[in-house]
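Asker: My structure is in protein_0.pdb, and what it holds is PDB, C-alpha atoms, pLDDT in the B column:
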```pdb
MODEL        1
ATOM      1  CA  MET A1475     112.134 104.366 115.594  1.00 68.00           C
ATOM      2  CA  ILE A1476     114.673 104.258 112.795  1.00 75.00           C
ATOM      3  CA  LYS A1477     115.934 107.531 111.312  1.00 81.00           C
ATOM      4  CA  VAL A1478     118.803 107.044 108.852  1.00 76.00           C
ATOM      5  CA  LYS A1479     120.553 110.158 107.540  1.00 75.00           C
ATOM      6  CA  TYR A1480     123.289 110.353 104.903  1.00 74.00           C
ATOM      7  CA  LYS A1481     124.956 113.444 103.465  1.00 78.00           C
ATOM      8  CA  GLY A1482     121.815 115.326 102.444  1.00 75.00           C
ATOM      9  CA  ALA A1483     120.128 112.331 100.779  1.00 79.00           C
ATOM     10  CA  ASP A1484     116.360 112.022 101.191  1.00 84.00           C
ATOM     11  CA  LEU A1485     115.958 108.674 102.946  1.00 86.00           C
ATOM     12  CA  SER A1486     112.409 109.303 104.192  1.00 89.00           C
ATOM     13  CA  LYS A1487     110.896 106.415 102.169  1.00 92.00           C
ATOM     14  CA  TYR A1488     113.623 104.056 103.408  1.00 87.00           C
ATOM     15  CA  ASN A1489     113.074 105.134 107.033  1.00 85.00           C
ATOM     16  CA  GLU A1490     109.303 104.821 106.681  1.00 90.00           C
ATOM     17  CA  PHE A1491     109.629 101.340 105.170  1.00 89.00           C
ATOM     18  CA  LEU A1492     111.999 100.039 107.876  1.00 88.00           C
ATOM     19  CA  ASN A1493     109.789 101.444 110.640  1.00 87.00           C
ATOM     20  CA  SER A1494     106.772  99.670 109.143  1.00 87.00           C
ATOM     21  CA  CYS A1495     108.757  96.397 109.138  1.00 82.00           C
ATOM     22  CA  ILE A1496     109.536  96.676 112.863  1.00 74.00           C
ATOM     23  CA  VAL A1497     105.887  96.165 113.811  1.00 62.00           C
ATOM     24  CA  GLN A1498     105.453  93.146 111.551  1.00 64.00           C
ATOM     25  CA  GLU A1499     106.218  89.633 112.697  1.00 62.00           C
ATOM     26  CA  CYS A1500     107.742  87.178 110.262  1.00 60.00           C
ATOM     27  CA  LYS A1501     106.099  83.996 111.498  1.00 61.00           C
ATOM     28  CA  GLY A1502     106.696  81.053 109.201  1.00 59.00           C
ATOM     29  CA  VAL A1503     108.821  82.935 106.676  1.00 70.00           C
ATOM     30  CA  GLY A1504     112.545  83.053 106.161  1.00 79.00           C
ATOM     31  CA  VAL A1505     114.276  86.067 107.651  1.00 83.00           C
ATOM     32  CA  HIS A1506     117.505  87.854 106.900  1.00 84.00           C
ATOM     33  CA  GLU A1507     119.583  90.298 108.948  1.00 87.00           C
ATOM     34  CA  HIS A1508     119.629  93.703 107.271  1.00 89.00           C
ATOM     35  CA  HIS A1509     122.108  96.464 108.083  1.00 91.00           C
ATOM     36  CA  ILE A1510     119.966  99.519 108.853  1.00 88.00           C
ATOM     37  CA  ILE A1511     122.853 101.794 107.908  1.00 88.00           C
ATOM     38  CA  PRO A1512     124.744  99.928 105.177  1.00 87.00           C
ATOM     39  CA  LYS A1513     128.458  99.375 105.666  1.00 87.00           C
ATOM     40  CA  PHE A1514     129.279 101.550 102.641  1.00 84.00           C
ATOM     41  CA  MET A1515     127.472 104.416 104.390  1.00 85.00           C
ATOM     42  CA  GLY A1516     129.477 103.953 107.584  1.00 87.00           C
ATOM     43  CA  GLY A1517     127.244 101.388 109.279  1.00 87.00           C
ATOM     44  CA  LYS A1518     128.768  98.866 111.637  1.00 86.00           C
ATOM     45  CA  GLY A1519     128.158  95.132 111.946  1.00 79.00           C
ATOM     46  CA  ASN A1520     126.882  95.366 115.525  1.00 85.00           C
ATOM     47  CA  LYS A1521     123.446  94.294 116.781  1.00 87.00           C
ATOM     48  CA  GLU A1522     122.193  97.887 117.084  1.00 88.00           C
ATOM     49  CA  ASN A1523     122.596  98.279 113.318  1.00 88.00           C
ATOM     50  CA  LEU A1524     120.749  95.091 112.374  1.00 89.00           C
ATOM     51  CA  ILE A1525     117.062  94.420 111.823  1.00 86.00           C
ATOM     52  CA  LEU A1526     115.391  91.122 110.936  1.00 86.00           C
ATOM     53  CA  LEU A1527     113.427  91.331 107.706  1.00 88.00           C
ATOM     54  CA  SER A1528     111.634  88.758 105.608  1.00 87.00           C
ATOM     55  CA  TYR A1529     113.534  87.909 102.426  1.00 87.00           C
ATOM     56  CA  GLU A1530     111.034  89.934 100.388  1.00 88.00           C
ATOM     57  CA  ASP A1531     111.253  92.964 102.696  1.00 90.00           C
ATOM     58  CA  HIS A1532     115.053  92.744 102.662  1.00 90.00           C
ATOM     59  CA  LYS A1533     115.018  92.930  98.879  1.00 91.00           C
ATOM     60  CA  ARG A1534     112.576  95.885  98.988  1.00 92.00           C
ATOM     61  CA  ALA A1535     114.763  97.735 101.510  1.00 91.00           C
ATOM     62  CA  HIS A1536     117.721  97.577  99.121  1.00 90.00           C
ATOM     63  CA  ILE A1537     115.600  98.689  96.174  1.00 92.00           C
ATOM     64  CA  ILE A1538     114.261 101.670  98.139  1.00 91.00           C
ATOM     65  CA  LEU A1539     117.715 102.595  99.387  1.00 85.00           C
TER      66      LEU A1539
ENDMDL
END
```
Take the structure I supplied and represent it as structure tokens, if you would.
Answerer:
Amino acid sequence: MIKVKYKGADLSKYNEFLNSCIVQECKGVGVHEHHIIPKFMGGKGNKENLILLSYEDHKRAHIIL
């Protein structure tokens, strides 16, 4: 379960969205690696901070964030 926190910001919608993406499979669609905690928020480029999202979900994650 993903639970991102950042300096008092309400990231509940972002967390909820990413957790819903974990259970989905992206069969037959292009995928992109998304940093769960963005680099500008202190996230690292390691595997534990990456999630595979469809291109559309990746775009939505950035809009929500």
Asker: Which of these, A:Lys1513, A:Lys1518, A:Lys1477, A:His1506, has the shortest distance to A:Asn1493 once you count all atoms listed in the file?
Answerer: A:Lys1477
Asker: Between A:Ile1510, A:Val1503, A:Ile1537, A:Met1515, which is the closest to A:Ile1476 once you count only C-alpha atoms?
Answerer: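 Selected residue with least distance to A:Ile1476: A:Ile1510.
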Asker: Could you tell me, as a list in words, which residues have any atom at most 10 Å from (115.5, 92.1, 103.5), counting all atoms listed in the file?
Answerer: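 Counting all atoms listed in the file, I find these residues within 10 Å of (115.5, 92.1, 103.5): Leu1492, Cys1495, Gly1504, Val1505, His1506, Glu1507, His1508, His1509, Ile1525, Leu1526, Leu1527, Ser1528, Tyr1529, Glu1530, Asp1531, His1532, Lys1533, Arg1534, Ala1535, His1536 and Ile1537 of chain A.
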Asker: Interatomic distance between atom CA of A:Leu1524 and atom CA of A:Gly1482?
Answerer: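 Between atom CA of A:Leu1524 and atom CA of A:Gly1482 the gap works out to 22.6 Å.
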Asker: Any idea what the distance is between atom CA of A:Ala1483 and atom CA of A:Gly1519?
Answerer: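 About the pair atom CA of A:Ala1483 and atom CA of A:Gly1519: they are 22.0 Å apart.
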Asker: Could you check the closest approach to A:Gly1516 for each of A:Asp1484, A:Ile1496, A:Val1478, A:Glu1490 and tell me which residue wins, using only C-alpha atoms?
Answerer: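 Nearest to A:Gly1516: A:Val1478.
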Asker: Report, in Å with one decimal, the straight-line distance from atom CA of A:Ile1511 to atom CA of A:Tyr1480.
Answerer: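 Pair atom CA of A:Ile1511 / atom CA of A:Tyr1480 returns 9.1 Å.
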